[in-house]
file start27.txt (compact mmCIF, C-alpha atoms)
# COMPACT_ATOMS: atom_id res chain seq x y z
CA MET A 1 -122.04 -22.69 29.11
CA PHE A 2 -122.69 -19.25 27.70
CA PRO A 3 -124.15 -18.90 24.21
CA GLU A 4 -121.59 -20.18 21.68
CA PRO A 5 -120.50 -16.82 20.21
CA LEU A 6 -119.82 -15.51 23.71
CA GLU A 7 -117.86 -18.63 24.68
CA ARG A 8 -115.82 -18.34 21.50
CA LEU A 9 -115.02 -14.69 22.18
CA ILE A 10 -113.97 -15.46 25.76
CA ARG A 11 -111.63 -18.21 24.57
CA ALA A 12 -110.12 -15.91 21.93
CA LEU A 13 -109.56 -13.13 24.49
CA GLU A 14 -107.92 -15.55 26.92
CA ARG A 15 -105.01 -15.88 24.49
CA PHE A 16 -103.80 -12.42 25.44
CA PRO A 17 -100.94 -12.47 27.89
CA GLY A 18 -102.08 -11.64 31.40
CA VAL A 19 -105.76 -12.16 30.56
CA GLY A 20 -107.27 -14.97 32.62
CA PRO A 21 -110.75 -16.50 32.34
CA ARG A 22 -112.34 -13.84 34.57
CA SER A 23 -110.88 -10.85 32.76
CA ALA A 24 -111.67 -12.43 29.40
CA GLU A 25 -115.27 -12.79 30.52
CA ARG A 26 -115.41 -9.21 31.75
CA MET A 27 -113.95 -8.00 28.46
CA ALA A 28 -116.40 -10.11 26.46
CA LEU A 29 -119.39 -8.76 28.37
CA HIS A 30 -118.04 -5.28 27.72
CA VAL A 31 -118.04 -6.10 24.00
CA LEU A 32 -121.72 -7.10 24.18
CA ARG A 33 -122.54 -3.76 25.73
CA SER A 34 -120.44 -1.66 23.35
CA PRO A 35 -121.80 0.13 20.29
CA ARG A 36 -121.54 -2.04 17.18
CA GLU A 37 -119.29 0.50 15.46
CA GLU A 38 -116.75 0.31 18.28
CA VAL A 39 -116.65 -3.47 18.07
CA ALA A 40 -116.25 -3.29 14.31
CA GLU A 41 -113.43 -0.75 14.73
CA LEU A 42 -111.59 -3.08 17.07
CA ALA A 43 -112.05 -6.04 14.74
CA VAL A 44 -110.68 -4.02 11.82
CA ALA A 45 -107.84 -2.60 13.91
CA LEU A 46 -106.77 -6.11 14.90
CA ARG A 47 -106.52 -7.25 11.31
CA ASP A 48 -104.91 -4.05 10.08
CA ALA A 49 -102.27 -4.09 12.78
CA ARG A 50 -101.49 -7.73 12.13
CA LEU A 51 -101.44 -7.41 8.33
CA HIS A 52 -99.94 -3.95 7.81
CA THR A 53 -97.15 -3.76 10.35
CA ARG A 54 -93.99 -5.83 10.39
CA ARG A 55 -90.66 -5.93 12.11
CA CYS A 56 -87.76 -4.10 10.50
CA GLN A 57 -85.41 -6.68 9.00
CA GLU A 58 -82.46 -4.67 10.35
CA CYS A 59 -83.37 -3.53 13.84
CA GLY A 60 -86.51 -5.51 14.65
CA ASN A 61 -88.62 -2.44 15.45
CA ILE A 62 -92.31 -2.41 14.52
CA THR A 63 -92.69 -0.60 11.23
CA LEU A 64 -94.90 -0.21 8.16
CA GLN A 65 -92.02 -0.84 5.78
CA SER A 66 -88.80 -2.72 6.22
CA PRO A 67 -86.11 -1.47 6.57
CA CYS A 68 -87.59 1.16 8.87
CA PRO A 69 -87.05 4.92 8.41
CA ILE A 70 -84.38 5.01 11.13
CA CYS A 71 -82.32 2.21 9.59
CA GLU A 72 -82.67 3.84 6.17
CA ASP A 73 -81.63 7.28 7.38
CA PRO A 74 -78.19 8.05 5.86
CA GLU A 75 -77.56 10.58 8.67
CA ARG A 76 -77.50 7.86 11.34
CA ASP A 77 -74.23 6.32 12.47
CA PRO A 78 -74.40 2.59 11.65
CA GLY A 79 -71.34 2.06 13.88
CA MET A 80 -73.42 2.49 17.04
CA ILE A 81 -76.27 0.15 17.90
CA CYS A 82 -78.47 0.97 20.86
CA VAL A 83 -80.19 -2.14 22.23
CA VAL A 84 -83.67 -1.53 23.66
CA GLU A 85 -86.43 -3.79 24.89
CA GLY A 86 -89.28 -2.49 22.78
CA PRO A 87 -90.68 0.08 20.35
CA ARG A 88 -91.75 2.30 23.23
CA GLU A 89 -88.13 2.82 24.24
CA VAL A 90 -87.17 3.70 20.67
CA GLU A 91 -89.93 6.33 20.69
CA LYS A 92 -88.68 7.79 23.92
CA LEU A 93 -85.03 7.99 22.88
CA GLU A 94 -85.97 9.34 19.45
CA SER A 95 -88.20 12.08 20.77
CA ALA A 96 -85.33 13.16 23.02
CA GLY A 97 -82.92 12.99 20.07
CA ILE A 98 -80.28 11.16 22.08
CA ILE A 99 -78.98 8.33 19.93
CA PRO A 100 -76.82 9.22 16.89
CA GLY A 101 -76.68 5.57 15.90
CA VAL A 102 -79.31 2.97 15.10
CA TYR A 103 -81.33 0.58 17.25
CA HIS A 104 -81.79 -3.07 17.94
CA VAL A 105 -85.20 -3.95 19.36
CA LEU A 106 -85.39 -7.18 21.36
CA LEU A 107 -89.18 -7.31 21.76
CA GLU A 108 -89.41 -11.05 22.47
CA GLY A 109 -86.77 -10.52 25.11
CA LEU A 110 -89.22 -8.28 26.93
CA ALA A 111 -91.00 -11.17 28.56
CA PRO A 112 -88.78 -14.20 29.08
CA ARG A 113 -91.38 -15.65 31.43
CA GLU A 114 -93.78 -15.87 28.52
CA GLY A 115 -91.74 -18.49 26.78
CA ALA A 116 -89.04 -16.72 24.78
CA GLU A 117 -85.87 -18.75 24.67
CA PRO A 118 -82.66 -17.04 25.72
CA GLU A 119 -81.19 -17.80 22.31
CA ASN A 120 -83.91 -15.94 20.46
CA ARG A 121 -84.08 -14.49 16.98
CA ALA A 122 -83.46 -10.90 18.04
CA LEU A 123 -80.22 -11.87 19.78
CA ARG A 124 -78.99 -13.93 16.84
CA ALA A 125 -79.82 -11.05 14.51
CA LEU A 126 -77.85 -8.65 16.74
CA ARG A 127 -74.84 -10.94 16.66
CA GLU A 128 -75.05 -11.11 12.88
CA ARG A 129 -75.20 -7.32 12.63
CA VAL A 130 -72.10 -6.98 14.76
CA GLU A 131 -70.32 -9.77 12.87
CA GLY A 132 -71.00 -7.67 9.74
CA GLY A 133 -68.01 -5.63 10.95
CA LYS A 134 -69.22 -2.00 10.79
CA VAL A 135 -70.36 -1.80 14.39
CA ARG A 136 -67.94 -0.15 16.87
CA GLU A 137 -70.19 0.15 19.88
CA VAL A 138 -73.26 -1.56 21.29
CA VAL A 139 -75.02 0.60 23.90
CA ILE A 140 -77.28 -1.45 26.13
CA ALA A 141 -80.30 0.64 27.08
CA THR A 142 -82.52 -1.98 28.67
CA ALA A 143 -84.45 -1.02 31.80
CA PRO A 144 -82.63 -1.05 35.13
CA ASP A 145 -85.07 -3.60 36.54
CA ARG A 146 -85.00 -7.37 36.75
CA GLU A 147 -86.39 -7.94 33.28
CA GLY A 148 -84.09 -5.39 31.68
CA GLU A 149 -81.08 -6.71 33.57
CA GLY A 150 -81.87 -10.20 32.36
CA ALA A 151 -82.11 -8.94 28.80
CA ALA A 152 -78.78 -7.08 29.19
CA LEU A 153 -77.06 -10.26 30.34
CA LEU A 154 -78.45 -12.18 27.36
CA VAL A 155 -77.16 -9.49 25.01
CA ARG A 156 -73.69 -9.67 26.54
CA GLU A 157 -73.71 -13.45 26.20
CA ALA A 158 -74.87 -13.25 22.60
CA LEU A 159 -71.98 -10.94 21.67
CA GLN A 160 -69.30 -12.95 23.43
CA GLY A 161 -66.07 -13.28 21.48
CA LEU A 162 -66.82 -10.39 19.12
CA THR A 163 -64.61 -7.28 19.08
CA VAL A 164 -67.10 -4.54 19.79
CA GLN A 165 -67.28 -2.04 22.62
CA LEU A 166 -70.14 -2.87 24.94
CA THR A 167 -71.51 0.05 26.98
CA ARG A 168 -74.52 0.65 29.20
CA LEU A 169 -76.50 3.71 30.17
CA ALA A 170 -75.07 5.29 33.31
CA ARG A 171 -76.89 4.72 36.59
CA GLY A 172 -77.26 7.22 39.35
CA VAL A 173 -79.53 9.90 40.69
CA PRO A 174 -81.95 11.03 37.97
CA VAL A 175 -81.33 14.67 37.03
CA GLY A 176 -84.03 17.01 38.30
CA THR A 177 -85.22 15.00 41.30
CA ARG A 178 -84.80 15.71 45.00
CA LEU A 179 -82.95 12.97 46.87
CA GLU A 180 -85.71 12.61 49.43
CA TYR A 181 -88.02 11.12 46.80
CA LEU A 182 -85.59 8.43 45.68
CA HIS A 183 -85.42 4.82 46.78
CA GLY A 184 -82.43 3.75 48.81
CA GLU A 185 -81.35 1.40 46.05
CA ILE A 186 -81.02 4.26 43.59
CA LEU A 187 -78.87 6.20 46.06
CA ALA A 188 -76.75 3.14 46.83
CA GLU A 189 -76.10 2.59 43.12
CA ALA A 190 -75.25 6.27 42.67
CA PHE A 191 -72.84 6.10 45.60
CA ARG A 192 -71.12 2.98 44.27
CA GLY A 193 -70.76 4.69 40.91
CA ARG A 194 -69.53 8.04 42.30
CA ARG A 195 -66.97 9.84 40.16
CA PRO A 196 -64.21 12.32 40.87
CA TRP A 197 -65.29 15.88 40.20
CA LEU A 198 -62.44 17.70 38.58
CA PRO A 199 -61.77 21.37 39.51
CA ASP A 200 -62.32 22.60 35.95
CA GLU A 201 -65.43 20.47 35.31
CA GLU A 202 -68.82 22.15 35.15
CA ALA A 203 -71.51 21.43 37.69
CA MET B 1 -95.77 7.50 17.65
CA PHE B 2 -96.02 3.89 16.62
CA PRO B 3 -97.07 3.05 13.05
CA GLU B 4 -100.69 4.11 12.55
CA PRO B 5 -102.32 0.65 12.54
CA LEU B 6 -100.60 -0.19 15.81
CA GLU B 7 -101.65 3.11 17.40
CA ARG B 8 -105.22 2.52 16.26
CA LEU B 9 -105.25 -0.97 17.75
CA ILE B 10 -103.85 0.28 21.06
CA ARG B 11 -106.54 2.98 21.27
CA ALA B 12 -109.27 0.42 20.49
CA LEU B 13 -107.99 -1.98 23.15
CA GLU B 14 -107.83 0.80 25.75
CA ARG B 15 -111.63 0.95 25.67
CA PHE B 16 -111.83 -2.34 27.59
CA PRO B 17 -112.50 -1.85 31.28
CA GLY B 18 -109.37 -2.28 33.34
CA VAL B 19 -107.07 -2.03 30.33
CA GLY B 20 -104.72 0.94 30.60
CA PRO B 21 -102.25 2.26 28.02
CA ARG B 22 -99.49 -0.16 29.06
CA SER B 23 -101.64 -3.29 28.95
CA ALA B 24 -103.21 -2.17 25.68
CA GLU B 25 -99.72 -1.83 24.23
CA ARG B 26 -98.68 -5.25 25.53
CA MET B 27 -101.84 -6.77 24.07
CA ALA B 28 -101.29 -5.03 20.74
CA LEU B 29 -97.70 -6.28 20.49
CA HIS B 30 -99.02 -9.75 21.27
CA VAL B 31 -101.39 -9.40 18.32
CA LEU B 32 -98.47 -8.55 16.02
CA ARG B 33 -96.70 -11.72 17.09
CA SER B 34 -99.75 -13.97 16.84
CA PRO B 35 -100.55 -16.20 13.86
CA ARG B 36 -102.80 -14.43 11.37
CA GLU B 37 -105.52 -17.05 11.77
CA GLU B 38 -105.73 -16.40 15.51
CA VAL B 39 -106.10 -12.68 14.95
CA ALA B 40 -108.76 -13.30 12.33
CA GLU B 41 -110.57 -15.63 14.73
CA LEU B 42 -110.62 -12.97 17.41
CA ALA B 43 -111.87 -10.34 14.97
CA VAL B 44 -114.69 -12.63 13.83
CA ALA B 45 -115.51 -13.66 17.40
CA LEU B 46 -115.86 -10.02 18.40
CA ARG B 47 -118.36 -9.31 15.66
CA ASP B 48 -120.26 -12.58 16.12
CA ALA B 49 -120.60 -12.09 19.85
CA ARG B 50 -121.78 -8.52 19.37
CA LEU B 51 -124.19 -9.30 16.54
CA HIS B 52 -125.53 -12.72 17.50
CA THR B 53 -126.08 -12.49 21.22
CA ARG B 54 -128.58 -10.31 22.98
CA ARG B 55 -130.12 -9.86 26.40
CA CYS B 56 -133.28 -11.76 27.19
CA GLN B 57 -136.19 -9.30 27.23
CA GLU B 58 -137.52 -11.02 30.34
CA CYS B 59 -134.56 -11.76 32.60
CA GLY B 60 -131.69 -9.82 31.00
CA ASN B 61 -129.41 -12.83 30.65
CA ILE B 62 -127.15 -13.12 27.61
CA THR B 63 -128.86 -15.32 25.05
CA LEU B 64 -129.06 -16.16 21.37
CA GLN B 65 -132.82 -15.72 21.27
CA SER B 66 -135.13 -13.68 23.43
CA PRO B 67 -136.92 -14.80 25.53
CA CYS B 68 -134.20 -17.19 26.67
CA PRO B 69 -134.74 -20.95 27.09
CA ILE B 70 -135.08 -20.61 30.87
CA CYS B 71 -137.79 -17.93 30.68
CA GLU B 72 -139.61 -19.98 28.01
CA ASP B 73 -139.47 -23.21 29.98
CA PRO B 74 -143.06 -24.04 31.09
CA GLU B 75 -141.65 -26.18 33.93
CA ARG B 76 -140.15 -23.18 35.70
CA ASP B 77 -142.02 -21.39 38.45
CA PRO B 78 -142.60 -17.80 37.27
CA GLY B 79 -143.59 -16.90 40.83
CA MET B 80 -139.98 -17.01 42.02
CA ILE B 81 -137.34 -14.68 40.61
CA CYS B 82 -133.72 -15.21 41.59
CA VAL B 83 -131.66 -12.02 41.19
CA VAL B 84 -128.03 -12.59 40.19
CA GLU B 85 -125.23 -10.29 39.13
CA GLY B 86 -124.30 -11.95 35.85
CA PRO B 87 -124.64 -14.85 33.41
CA ARG B 88 -121.88 -16.75 35.19
CA GLU B 89 -124.01 -17.02 38.32
CA VAL B 90 -126.97 -18.26 36.29
CA GLU B 91 -124.70 -20.98 34.87
CA LYS B 92 -123.56 -22.01 38.30
CA LEU B 93 -127.04 -22.17 39.82
CA GLU B 94 -128.40 -23.97 36.76
CA SER B 95 -125.72 -26.63 36.68
CA ALA B 96 -126.46 -27.30 40.34
CA GLY B 97 -130.20 -27.41 39.57
CA ILE B 98 -131.06 -25.24 42.55
CA ILE B 99 -133.56 -22.66 41.40
CA PRO B 100 -137.10 -23.84 40.53
CA GLY B 101 -138.00 -20.32 39.44
CA VAL B 102 -136.60 -17.93 36.88
CA TYR B 103 -133.80 -15.37 36.98
CA HIS B 104 -133.18 -11.68 36.79
CA VAL B 105 -129.67 -10.76 35.63
CA LEU B 106 -128.43 -7.33 36.66
CA LEU B 107 -125.24 -7.27 34.57
CA GLU B 108 -124.75 -3.49 34.55
CA GLY B 109 -125.09 -3.61 38.30
CA LEU B 110 -121.94 -5.72 38.36
CA ALA B 111 -119.69 -2.71 38.20
CA PRO B 112 -121.26 0.42 39.65
CA ARG B 113 -117.84 2.11 39.70
CA GLU B 114 -117.80 1.98 35.92
CA GLY B 115 -120.60 4.42 35.55
CA ALA B 116 -123.82 2.48 35.90
CA GLU B 117 -126.50 4.57 37.55
CA PRO B 118 -128.24 3.08 40.56
CA GLU B 119 -131.56 3.52 38.79
CA ASN B 120 -130.56 1.33 35.87
CA ARG B 121 -132.54 -0.54 33.28
CA ALA B 122 -132.20 -3.95 34.91
CA LEU B 123 -133.65 -2.67 38.17
CA ARG B 124 -136.55 -0.91 36.44
CA ALA B 125 -137.23 -4.11 34.50
CA LEU B 126 -137.27 -6.14 37.72
CA ARG B 127 -139.74 -3.75 39.29
CA GLU B 128 -141.98 -4.05 36.24
CA ARG B 129 -141.83 -7.86 36.38
CA VAL B 130 -142.89 -7.81 40.02
CA GLU B 131 -145.59 -5.22 39.35
CA GLY B 132 -146.94 -7.70 36.79
CA GLY B 133 -148.37 -9.49 39.82
CA LYS B 134 -147.37 -13.14 39.35
CA VAL B 135 -144.22 -12.95 41.43
CA ARG B 136 -144.46 -14.21 45.02
CA GLU B 137 -140.79 -14.22 45.97
CA VAL B 138 -137.60 -12.46 44.91
CA VAL B 139 -134.51 -14.36 46.06
CA ILE B 140 -131.44 -12.14 46.11
CA ALA B 141 -128.39 -14.20 45.17
CA THR B 142 -125.80 -11.49 44.67
CA ALA B 143 -122.29 -12.15 45.97
CA PRO B 144 -121.59 -11.66 49.68
CA ASP B 145 -118.92 -9.06 48.92
CA ARG B 146 -119.01 -5.28 48.71
CA GLU B 147 -120.16 -5.17 45.09
CA GLY B 148 -122.84 -7.82 45.60
CA GLU B 149 -124.03 -6.18 48.81
CA GLY B 150 -124.34 -2.88 46.97
CA ALA B 151 -126.36 -4.56 44.24
CA ALA B 152 -128.59 -6.24 46.84
CA LEU B 153 -129.36 -2.88 48.45
CA LEU B 154 -130.25 -1.39 45.08
CA VAL B 155 -132.61 -4.30 44.40
CA ARG B 156 -134.33 -3.79 47.73
CA GLU B 157 -134.71 -0.08 47.02
CA ALA B 158 -136.06 -0.77 43.53
CA LEU B 159 -138.80 -3.05 44.92
CA GLN B 160 -139.87 -0.76 47.73
CA GLY B 161 -143.62 -0.54 48.22
CA LEU B 162 -144.38 -3.72 46.28
CA THR B 163 -145.97 -6.73 47.99
CA VAL B 164 -143.48 -9.46 47.30
CA GLN B 165 -141.43 -11.59 49.65
CA LEU B 166 -137.78 -10.63 49.53
CA THR B 167 -135.31 -13.33 50.57
CA ARG B 168 -131.54 -13.77 50.44
CA LEU B 169 -129.26 -16.77 50.30
CA ALA B 170 -128.31 -17.92 53.78
CA ARG B 171 -124.86 -17.04 55.09
CA GLY B 172 -122.71 -19.23 57.23
CA VAL B 173 -119.99 -21.82 57.14
CA PRO B 174 -119.77 -23.33 53.65
CA VAL B 175 -120.66 -27.02 53.73
CA GLY B 176 -117.65 -29.30 53.24
CA THR B 177 -114.92 -26.99 54.56
CA ARG B 178 -112.88 -27.25 57.73
CA LEU B 179 -113.26 -24.24 60.02
CA GLU B 180 -109.52 -23.67 60.19
CA TYR B 181 -109.49 -22.56 56.52
CA LEU B 182 -112.21 -19.96 56.91
CA HIS B 183 -111.81 -16.24 57.47
CA GLY B 184 -112.90 -14.86 60.80
CA GLU B 185 -115.59 -12.79 59.08
CA ILE B 186 -117.26 -15.92 57.75
CA LEU B 187 -117.26 -17.47 61.21
CA ALA B 188 -118.58 -14.28 62.81
CA GLU B 189 -121.46 -14.16 60.33
CA ALA B 190 -122.20 -17.84 60.94
CA PHE B 191 -122.23 -17.24 64.69
CA ARG B 192 -124.56 -14.24 64.42
CA GLY B 193 -126.90 -16.35 62.28
CA ARG B 194 -126.79 -19.47 64.50
CA ARG B 195 -130.01 -21.44 64.69
CA PRO B 196 -131.56 -23.76 67.25
CA TRP B 197 -130.96 -27.41 66.44
CA LEU B 198 -134.10 -29.33 67.22
CA PRO B 199 -133.83 -32.82 68.77
CA ASP B 200 -135.57 -34.52 65.84
CA GLU B 201 -133.69 -32.56 63.14
CA GLU B 202 -131.10 -34.37 61.03
CA ALA B 203 -127.43 -33.43 61.17
call {"tool": "encode", "arguments": {"input": "start27.txt", "output": "structure tokens"}}
result
Amino acid sequence: MFPEPLERLIRALERFPGVGPRSAERMALHVLRSPREEVAELAVALRDARLHTRRCQECGNITLQSPCPICEDPERDPGMICVVEGPREVEKLESAGIIPGVYHVLLEGLAPREGAEPENRALRALRERVEGGKVREVVIATAPDREGEGAALLVREALQGLTVQLTRLARGVPVGTRLEYLHGEILAEAFRGRRPWLPDEEA
Amino acid sequence: MFPEPLERLIRALERFPGVGPRSAERMALHVLRSPREEVAELAVALRDARLHTRRCQECGNITLQSPCPICEDPERDPGMICVVEGPREVEKLESAGIIPGVYHVLLEGLAPREGAEPENRALRALRERVEGGKVREVVIATAPDREGEGAALLVREALQGLTVQLTRLARGVPVGTRLEYLHGEILAEAFRGRRPWLPDEEA
């Protein structure tokens, strides 16, 4: 056994997802070698983040105040909800100024293998928002990988029976790339989704 | 940008070795979803580990008090120093009751790729211990992998010119395993190190 405070730290670090006994030990030894101020900063940051952030009661995004600034923004179209996996995706879409509507952040849905049930809170909350009646369209913007696909299917299931238009981001060749750098799967999906190019349409 | 407390936590977590921006974010989101008491426990554990453990002034192991109980034990042979990479190896050797002597724990030497200089404190301290004159034998018990081999070479360099017997743990087939489960490298090393088996020697 290591000295008790070190053992206790290792056990606390092991609670992080993806951190096994060896990494927890490596992280703990790093703590022992770090300047005291850095360790204190981390300890304070942990508490602050846990105590001073919350999830928006509307969209589920991480925020200081609920409802979050996006949900409170009168300029946003409440008739369009864009479903994303996490706060990082909201950031990305916001900084590109793409979504005129509001968001719904699954978060727990991000990692079904870590014990989230399919019928989770975020999905129930989404259904309730749509049942509210103002929502015309739900745009699914989960990642085009296995996890995101799984989340998309759960969203579709959760909204079953409701009259709302369900859409997804288009798939195809990403603008600005050369074909030679793309995986075959991407090209296959783009081929399956090929669209007629009308004579008067721009390139 | 995420809310400030979340950003601050992510930046603090990124300081851990092997934790990149994505893992730091995943860990931070885990913190937001964890019970407050767990987060508080981790914060306290961080400070306690940093403030209440130290390295033994003799052997460099992590300890509550310096010198550590092993170095203070009058039953141990101070003439034999066993060099190990970290506290975990001390634990292992101690629980098996193998080493009659004392230890020297490199720790920083564990991860040369993370910026430890070859001429580090632990090596200088080892040289000083040996120069003290009481040490007959230094047993190198670093791991038989690339990192451990590197550490072993640094130890040998650090002790150059001193009159002390340098030994290493034997290599070969690990007792209790069937050959079919062993890598070829292990077998090759065991073959190179084969020893005569005397008629009156036990199996």
call {"tool": "residues_around", "arguments": {"input": "start27.txt", "residues": "Thr53 of chain B", "least_positions_apart": "6", "cutoff": "9 Å", "atoms": "all atoms listed in the file", "output": "ChimeraX atom specification"}}
result
/A:3-6,32 /B:62-65
call {"tool": "closest_atom_pairs", "arguments": {"input": "start27.txt", "of": "chain B", "to": "chain A", "cutoff": "7 Å", "atoms": "only C-alpha atoms", "output": "Markdown table"}}
result
| residue | atom | partner | partner_atom | distance |
| --- | --- | --- | --- | --- |
| B:Met1 | CA | A:Glu91 | CA | 6.7 |
| B:Pro3 | CA | A:Thr63 | CA | 6.0 |
| B:Pro5 | CA | A:Ala49 | CA | 4.7 |
| B:Leu6 | CA | A:Ala49 | CA | 5.2 |
| B:Arg8 | CA | A:Ala45 | CA | 6.2 |
| B:Leu9 | CA | A:Ala45 | CA | 4.9 |
| B:Ala12 | CA | A:Leu42 | CA | 5.4 |
| B:Phe16 | CA | A:Met27 | CA | 6.1 |
| B:Pro17 | CA | A:Met27 | CA | 6.9 |
| B:Met27 | CA | A:Phe16 | CA | 6.1 |
| B:His30 | CA | A:Phe16 | CA | 6.9 |
| B:Val31 | CA | A:Arg50 | CA | 6.4 |
| B:Leu32 | CA | A:Arg50 | CA | 5.0 |
| B:Arg36 | CA | A:Arg50 | CA | 6.9 |
| B:Val39 | CA | A:Arg47 | CA | 6.6 |
| B:Ala40 | CA | A:Arg47 | CA | 6.5 |
| B:Leu42 | CA | A:Ala12 | CA | 5.4 |
| B:Ala43 | CA | A:Ala43 | CA | 4.3 |
| B:Ala45 | CA | A:Leu9 | CA | 4.9 |
| B:Leu46 | CA | A:Leu9 | CA | 6.1 |
| B:Arg47 | CA | A:Ala40 | CA | 6.5 |
| B:Asp48 | CA | A:Pro5 | CA | 5.9 |
| B:Ala49 | CA | A:Pro5 | CA | 4.7 |
| B:Arg50 | CA | A:Leu32 | CA | 5.0 |
| B:Thr63 | CA | A:Pro3 | CA | 6.0 |
| B:Leu64 | CA | A:Pro3 | CA | 6.3 |
| B:Glu91 | CA | A:Met1 | CA | 6.6 |
call {"tool": "write_last_selection", "arguments": {"input": "start27.txt", "atoms": "C-alpha atoms", "output": "PDB file, keeping the file's coordinate frame"}}
result
ATOM      1  CA  MET B   1     -95.770   7.500  17.650  1.00  0.00           C
ATOM      2  CA  PRO B   3     -97.070   3.050  13.050  1.00  0.00           C
ATOM      3  CA  PRO B   5    -102.320   0.650  12.540  1.00  0.00           C
ATOM      4  CA  LEU B   6    -100.600  -0.190  15.810  1.00  0.00           C
ATOM      5  CA  ARG B   8    -105.220   2.520  16.260  1.00  0.00           C
ATOM      6  CA  LEU B   9    -105.250  -0.970  17.750  1.00  0.00           C
ATOM      7  CA  ALA B  12    -109.270   0.420  20.490  1.00  0.00           C
ATOM      8  CA  PHE B  16    -111.830  -2.340  27.590  1.00  0.00           C
ATOM      9  CA  PRO B  17    -112.500  -1.850  31.280  1.00  0.00           C
ATOM     10  CA  MET B  27    -101.840  -6.770  24.070  1.00  0.00           C
ATOM     11  CA  HIS B  30     -99.020  -9.750  21.270  1.00  0.00           C
ATOM     12  CA  VAL B  31    -101.390  -9.400  18.320  1.00  0.00           C
ATOM     13  CA  LEU B  32     -98.470  -8.550  16.020  1.00  0.00           C
ATOM     14  CA  ARG B  36    -102.800 -14.430  11.370  1.00  0.00           C
ATOM     15  CA  VAL B  39    -106.100 -12.680  14.950  1.00  0.00           C
ATOM     16  CA  ALA B  40    -108.760 -13.300  12.330  1.00  0.00           C
ATOM     17  CA  LEU B  42    -110.620 -12.970  17.410  1.00  0.00           C
ATOM     18  CA  ALA B  43    -111.870 -10.340  14.970  1.00  0.00           C
ATOM     19  CA  ALA B  45    -115.510 -13.660  17.400  1.00  0.00           C
ATOM     20  CA  LEU B  46    -115.860 -10.020  18.400  1.00  0.00           C
ATOM     21  CA  ARG B  47    -118.360  -9.310  15.660  1.00  0.00           C
ATOM     22  CA  ASP B  48    -120.260 -12.580  16.120  1.00  0.00           C
ATOM     23  CA  ALA B  49    -120.600 -12.090  19.850  1.00  0.00           C
ATOM     24  CA  ARG B  50    -121.780  -8.520  19.370  1.00  0.00           C
ATOM     25  CA  THR B  63    -128.860 -15.320  25.050  1.00  0.00           C
ATOM     26  CA  LEU B  64    -129.060 -16.160  21.370  1.00  0.00           C
ATOM     27  CA  GLU B  91    -124.700 -20.980  34.870  1.00  0.00           C
TER      28      GLU B  91
END
call {"tool": "atom_distance", "arguments": {"input": "start27.txt", "atom1": "atom CA of Gly133 of chain A", "atom2": "atom CA of Met80 of chain A"}}
result
11.5 Å
call {"tool": "atom_distance", "arguments": {"input": "start27.txt", "atom1": "atom CA of Pro78 of chain B", "atom2": "atom CA of Arg124 of chain B"}}
result
18.0 Å
call {"tool": "atom_distance", "arguments": {"input": "start27.txt", "atom1": "atom CA of Gly161 of chain B", "atom2": "atom CA of Glu85 of chain B"}}
result
22.7 Å
call {"tool": "closest_residue", "arguments": {"input": "start27.txt", "among": "A:Val135, A:Ala152, A:Leu106, A:Ile99", "to": "Cys56 of chain A", "atoms": "only C-alpha atoms"}}
result
A:Leu106
call {"tool": "residues_around", "arguments": {"input": "start27.txt", "residues": "Val139 of chain B", "least_positions_apart": "3", "cutoff": "6 Å", "atoms": "all atoms listed in the file", "output": "JSON list (two decimals) with C-alpha atoms, keeping the file's coordinate frame"}}
result
[["chain", "number", "residue", "atom", "x", "y", "z"],
["B", 82, "CYS", "CA", -133.72, -15.21, 41.59],
["B", 167, "THR", "CA", -135.31, -13.33, 50.57],
["B", 168, "ARG", "CA", -131.54, -13.77, 50.44]]
